[in-house]
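Raw contents of final09.cif, mmCIF, C-alpha atoms:
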data_target
loop_
_atom_site.group_PDB
_atom_site.id
_atom_site.type_symbol
_atom_site.label_atom_id
_atom_site.label_comp_id
_atom_site.auth_asym_id
_atom_site.auth_seq_id
_atom_site.Cartn_x
_atom_site.Cartn_y
_atom_site.Cartn_z
ATOM 1 C CA MET A 1 -39.196 -3.059 18.339
ATOM 2 C CA SER A 2 -42.905 -3.874 18.357
ATOM 3 C CA SER A 3 -44.945 -5.641 15.690
ATOM 4 C CA HIS A 4 -46.185 -2.203 14.533
ATOM 5 C CA GLU A 5 -42.773 -0.757 13.731
ATOM 6 C CA LEU A 6 -40.692 -1.044 10.625
ATOM 7 C CA ALA A 7 -36.920 -0.607 10.521
ATOM 8 C CA ILE A 8 -34.297 -0.535 7.804
ATOM 9 C CA SER A 9 -31.178 -2.611 8.183
ATOM 10 C CA LYS A 10 -27.990 -0.741 9.103
ATOM 11 C CA ASP A 11 -26.407 -2.184 5.932
ATOM 12 C CA ILE A 12 -28.823 -0.366 3.608
ATOM 13 C CA VAL A 13 -27.788 3.040 2.277
ATOM 14 C CA VAL A 14 -30.609 5.580 2.269
ATOM 15 C CA ASP A 15 -30.113 8.052 -0.569
ATOM 16 C CA LEU A 16 -32.135 10.685 1.276
ATOM 17 C CA HIS A 17 -29.537 10.770 4.041
ATOM 18 C CA GLN A 18 -26.789 11.323 1.466
ATOM 19 C CA SER A 19 -28.761 14.062 -0.285
ATOM 20 C CA VAL A 20 -29.483 15.855 2.989
ATOM 21 C CA ALA A 21 -25.814 15.683 3.981
ATOM 22 C CA ARG A 22 -24.749 17.098 0.597
ATOM 23 C CA ALA A 23 -27.345 19.853 0.851
ATOM 24 C CA HIS A 24 -26.055 20.881 4.279
ATOM 25 C CA ARG A 25 -22.473 20.912 2.962
ATOM 26 C CA LEU A 26 -23.484 23.122 0.043
ATOM 27 C CA LEU A 27 -25.110 25.545 2.472
ATOM 28 C CA ASP A 28 -22.099 25.681 4.808
ATOM 29 C CA ASN A 29 -19.928 28.479 3.435
ATOM 30 C CA SER A 30 -17.126 27.582 5.839
ATOM 31 C CA ARG A 31 -16.578 24.254 4.050
ATOM 32 C CA THR A 32 -15.363 23.492 0.573
ATOM 33 C CA CYS A 33 -17.432 21.096 -1.417
ATOM 34 C CA ASP A 34 -15.765 20.787 -4.801
ATOM 35 C CA ASP A 35 -16.049 17.008 -4.502
ATOM 36 C CA ILE A 36 -19.859 17.171 -4.480
ATOM 37 C CA LEU A 37 -20.297 19.802 -7.202
ATOM 38 C CA THR A 38 -21.281 17.003 -9.559
ATOM 39 C CA MET A 39 -24.121 16.031 -11.807
ATOM 40 C CA GLN A 40 -24.918 13.227 -9.351
ATOM 41 C CA THR A 41 -25.527 15.794 -6.615
ATOM 42 C CA LEU A 42 -27.675 17.817 -9.013
ATOM 43 C CA THR A 43 -29.646 14.689 -9.903
ATOM 44 C CA ASP A 44 -30.109 13.772 -6.243
ATOM 45 C CA LEU A 45 -31.313 17.295 -5.392
ATOM 46 C CA SER A 46 -33.734 17.293 -8.318
ATOM 47 C CA ALA A 47 -36.105 14.726 -6.865
ATOM 48 C CA ASP A 48 -38.940 15.241 -4.413
ATOM 49 C CA LEU A 49 -39.276 13.111 -1.311
ATOM 50 C CA LEU A 50 -41.661 10.196 -1.949
ATOM 51 C CA PRO A 51 -43.909 12.131 -4.366
ATOM 52 C CA GLU A 52 -46.245 9.178 -4.934
ATOM 53 C CA TRP A 53 -47.044 8.591 -1.260
ATOM 54 C CA PRO A 54 -50.561 9.442 -0.112
ATOM 55 C CA GLU A 55 -50.993 12.854 1.439
ATOM 56 C CA ASN A 56 -51.116 12.999 5.192
ATOM 57 C CA ASP A 57 -49.971 15.631 7.654
ATOM 58 C CA TRP A 58 -46.655 14.114 8.686
ATOM 59 C CA MET A 59 -45.654 13.289 5.090
ATOM 60 C CA LEU A 60 -46.546 16.756 3.793
ATOM 61 C CA ILE A 61 -44.379 18.365 6.475
ATOM 62 C CA GLU A 62 -41.434 16.060 5.704
ATOM 63 C CA GLN A 63 -41.810 16.629 1.960
ATOM 64 C CA GLU A 64 -41.930 20.409 2.336
ATOM 65 C CA GLN A 65 -38.981 20.462 4.717
ATOM 66 C CA TYR A 66 -36.864 18.476 2.255
ATOM 67 C CA ARG A 67 -38.142 20.559 -0.677
ATOM 68 C CA GLN A 68 -37.033 23.801 0.989
ATOM 69 C CA LEU A 69 -33.636 22.309 1.849
ATOM 70 C CA ARG A 70 -33.248 21.171 -1.771
ATOM 71 C CA LEU A 71 -34.108 24.607 -3.108
ATOM 72 C CA TYR A 72 -31.606 26.387 -0.878
ATOM 73 C CA ALA A 73 -28.975 23.777 -1.739
ATOM 74 C CA LEU A 74 -29.632 24.101 -5.484
ATOM 75 C CA GLU A 75 -29.229 27.863 -5.215
ATOM 76 C CA ALA A 76 -25.996 27.435 -3.227
ATOM 77 C CA MET A 77 -24.776 24.926 -5.792
ATOM 78 C CA THR A 78 -25.519 27.406 -8.577
ATOM 79 C CA GLU A 79 -23.553 30.106 -6.755
ATOM 80 C CA ARG A 80 -20.601 27.805 -6.057
ATOM 81 C CA LEU A 81 -20.472 26.585 -9.655
ATOM 82 C CA THR A 82 -20.687 30.167 -10.911
ATOM 83 C CA ALA A 83 -17.799 31.177 -8.650
ATOM 84 C CA ALA A 84 -15.805 28.204 -9.982
ATOM 85 C CA ARG A 85 -16.515 29.460 -13.527
ATOM 86 C CA ARG A 86 -18.369 26.237 -14.364
ATOM 87 C CA HIS A 87 -21.111 28.199 -16.050
ATOM 88 C CA GLY A 88 -22.917 25.417 -17.916
ATOM 89 C CA GLU A 89 -23.287 23.377 -14.757
ATOM 90 C CA ALA A 90 -24.295 26.492 -12.821
ATOM 91 C CA VAL A 91 -27.052 27.216 -15.317
ATOM 92 C CA ALA A 92 -28.239 23.587 -15.104
ATOM 93 C CA ALA A 93 -28.439 23.811 -11.294
ATOM 94 C CA GLY A 94 -30.211 27.175 -11.487
ATOM 95 C CA LEU A 95 -32.712 25.872 -14.013
ATOM 96 C CA THR A 96 -33.427 22.940 -11.718
ATOM 97 C CA ALA A 97 -34.171 25.344 -8.868
ATOM 98 C CA VAL A 98 -36.458 27.463 -11.083
ATOM 99 C CA ARG A 99 -38.237 24.375 -12.421
ATOM 100 C CA THR A 100 -38.762 23.125 -8.860
ATOM 101 C CA GLU A 101 -40.274 26.445 -7.722
ATOM 102 C CA PRO A 102 -41.008 28.943 -10.518
ATOM 103 C CA LEU A 103 -42.292 31.579 -8.054
ATOM 104 C CA ARG A 104 -39.021 31.629 -6.080
ATOM 105 C CA GLU A 105 -37.236 34.863 -6.970
ATOM 106 C CA SER A 106 -33.991 33.770 -5.355
ATOM 107 C CA ALA A 107 -33.792 30.870 -7.826
ATOM 108 C CA HIS A 108 -34.207 33.260 -10.769
ATOM 109 C CA HIS A 109 -31.618 35.541 -9.161
ATOM 110 C CA VAL A 110 -28.837 32.923 -8.986
ATOM 111 C CA LEU A 111 -29.695 31.701 -12.491
ATOM 112 C CA MET A 112 -29.479 35.243 -13.891
ATOM 113 C CA ARG A 113 -26.110 35.701 -12.157
ATOM 114 C CA ALA A 114 -24.864 32.456 -13.712
ATOM 115 C CA HIS A 115 -25.917 33.678 -17.171
ATOM 116 C CA LEU A 116 -24.254 37.044 -16.599
ATOM 117 C CA ALA A 117 -21.033 35.447 -15.332
ATOM 118 C CA ALA A 118 -20.918 33.446 -18.562
ATOM 119 C CA GLY A 119 -21.376 36.665 -20.560
ATOM 120 C CA ASN A 120 -24.882 35.742 -21.673
ATOM 121 C CA ARG A 121 -26.745 38.990 -21.109
ATOM 122 C CA GLY A 122 -29.565 38.006 -23.427
ATOM 123 C CA ALA A 123 -30.156 34.781 -21.512
ATOM 124 C CA ALA A 124 -30.183 36.744 -18.248
ATOM 125 C CA LEU A 125 -32.727 39.168 -19.691
ATOM 126 C CA ARG A 126 -34.914 36.302 -20.945
ATOM 127 C CA GLN A 127 -34.777 34.741 -17.481
ATOM 128 C CA TYR A 128 -35.820 38.029 -15.912
ATOM 129 C CA GLU A 129 -38.741 38.321 -18.333
ATOM 130 C CA GLN A 130 -39.819 34.748 -17.571
ATOM 131 C CA CYS A 131 -39.728 35.507 -13.851
ATOM 132 C CA ARG A 132 -41.614 38.783 -14.345
ATOM 133 C CA ARG A 133 -44.376 37.079 -16.357
ATOM 134 C CA THR A 134 -44.682 34.205 -13.880
ATOM 135 C CA LEU A 135 -44.876 36.489 -10.843
ATOM 136 C CA GLN A 136 -47.367 38.785 -12.584
ATOM 137 C CA ASN A 137 -49.606 35.975 -13.868
ATOM 138 C CA GLU A 138 -49.577 33.890 -10.693
ATOM 139 C CA LEU A 139 -49.341 36.479 -7.921
ATOM 140 C CA GLY A 140 -49.957 39.901 -9.462
ATOM 141 C CA LEU A 141 -46.452 40.951 -8.356
ATOM 142 C CA GLU A 142 -43.489 42.572 -10.051
ATOM 143 C CA PRO A 143 -39.926 41.338 -9.482
ATOM 144 C CA SER A 144 -38.043 42.856 -6.554
ATOM 145 C CA ALA A 145 -35.604 45.732 -6.888
ATOM 146 C CA SER A 146 -32.698 43.353 -6.237
ATOM 147 C CA LEU A 147 -33.709 41.195 -9.199
ATOM 148 C CA ARG A 148 -34.226 44.227 -11.431
ATOM 149 C CA ALA A 149 -30.762 45.469 -10.425
ATOM 150 C CA LEU A 150 -29.232 42.449 -12.153
ATOM 151 C CA LEU A 151 -30.592 43.531 -15.519
ATOM 152 C CA PRO A 152 -27.879 44.422 -17.975
ATOM 153 C CA PRO A 153 -28.114 47.988 -19.251
ATOM 154 C CA ARG A 154 -29.744 48.220 -22.646
ATOM 155 C CA THR A 155 -28.671 50.787 -25.212
ATOM 156 C CA GLU A 156 -30.490 52.483 -28.025
ATOM 157 C CA HIS A 157 -29.064 52.403 -31.526
ATOM 158 C CA ASN A 158 -27.169 55.654 -30.949
ATOM 159 C CA GLY A 159 -25.271 54.077 -28.019
ATOM 160 C CA ARG A 160 -27.091 55.930 -25.234
ATOM 161 C CA SER A 161 -28.308 53.890 -22.337
ATOM 162 C CA ARG A 162 -32.039 53.569 -21.910
ATOM 163 C CA LEU A 163 -33.935 52.401 -18.899
ATOM 164 C CA GLN A 164 -35.167 48.837 -18.864
ATOM 165 C CA HIS A 165 -38.926 48.601 -18.449
ATOM 166 C CA SER A 166 -39.514 46.980 -15.069
ATOM 167 C CA GLY A 167 -43.175 47.623 -14.537
ATOM 168 C CA ALA A 168 -42.487 49.174 -11.131
#
Translate the structure of the given file into structure tokens.
Amino acid sequence: MSSHELAISKDIVVDLHQSVARAHRLLDNSRTCDDILTMQTLTDLSADLLPEWPENDWMLIEQEQYRQLRLYALEAMTERLTAARRHGEAVAAGLTAVRTEPLRESAHHVLMRAHLAAGNRGAALRQYEQCRRTLQNELGLEPSASLRALLPPRTEHNGRSRLQHSGA
């Protein structure tokens, strides 16, 4: 090692390494990961990589790479918790994904599915409306057909089904 290099002792645990390993496990559908479906994992995946560091090309790339991994892992965590019928935790993970990237439709999608699995159709509809407003205001876009397909059917007072306004 030269006088211009910095190294971390082998005895020091780097939380980023643990978070990355958990994220990869969550994304690997061939592996179970009940042991990491915890609030600690959610907390670890909620934080950006060195957000206070000055912007430079190599740091921006590393931050974005970790951010994308976190988002996919949070969505996978939401899906796994939903499948395990741990709806409150699934909603918390989904909300974390949406808060991290409000323009990410896939985050809204898994959150809506968590609400629906819990029997909370109104919450799913509110989430859809939040996504629709955000996409429209920020990008001039409407939600995709796959997101609209998650909408629970709405009925008129006489019990007949009516179409949900989707703007598309």
Quiz item: What is the distance between CA of Arg31 in chain A and CA of Met112 in chain A, in Å to one decimal?
Solution: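 Separating CA of Arg31 in chain A from CA of Met112 in chain A is a distance of 24.7 Å.
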Self-check item: Residues matched by the PyMOL selection byres ((chain A and resi 145) around 12) as a list in words
Solution: Glu105, His109, Tyr128, Arg132, Leu141, Glu142, Pro143, Ser144, Ser146, Leu147, Arg148, Ala149, Leu150, Leu151, Ser166, Gly167 and Ala168 of chain A
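For the residues A:Leu49, A:Ala117, A:Leu139, A:Ala21, ranking by smallest atom-to-atom distance to Leu81 in chain A using only C-alpha atoms places A:Ala117 first.
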Practice problem: Name every residue that the PyMOL selection byres ((chain A and resi 127) around 9) selects in this structure, writing the answer as a ChimeraX atom specification with chains first and numbers rising. | Solution: /A:108-109,111-112,115,122-126,128-132
Self-check item: Test item: residues at most 9 Å from Ala97 in chain A, only C-alpha atoms, excluding those fewer than 4 positions along its chain, as a list in words
Solution: Ser46, Arg70, Leu71, Tyr72, Ala73, Leu74, Glu75, Thr78, Ala92, Ala93, Glu101, Pro102, Arg104, Ala107, His108 and Leu111 of chain A
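Residue selection for this entry, given the PyMOL selection byres ((chain A and resi 33-39) around 10), comprises A:Arg22, A:Ala23, A:Arg25, A:Leu26, A:Leu27, A:Asp28, A:Asn29, A:Ser30, A:Arg31, A:Thr32, A:Gln40, A:Thr41, A:Leu42, A:Thr43, A:Asp44, A:Leu45, A:Met77, A:Thr78, A:Arg80, A:Leu81, A:Ala84, A:Arg86, A:Glu89, A:Ala90, A:Ala92, A:Ala93.
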Self-check item: Interatomic distance, CA of His4 in chain A to CA of Glu64 in chain A (Å, one decimal)
Solution: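 Computing it gives 26.0 Å between the two atoms.
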Exercise. Between CA of Gln136 in chain A and CA of Arg99 in chain A, measure the distance and give it in Å to one decimal.
Key: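 About the pair CA of Gln136 in chain A and CA of Arg99 in chain A: they are 17.1 Å apart.
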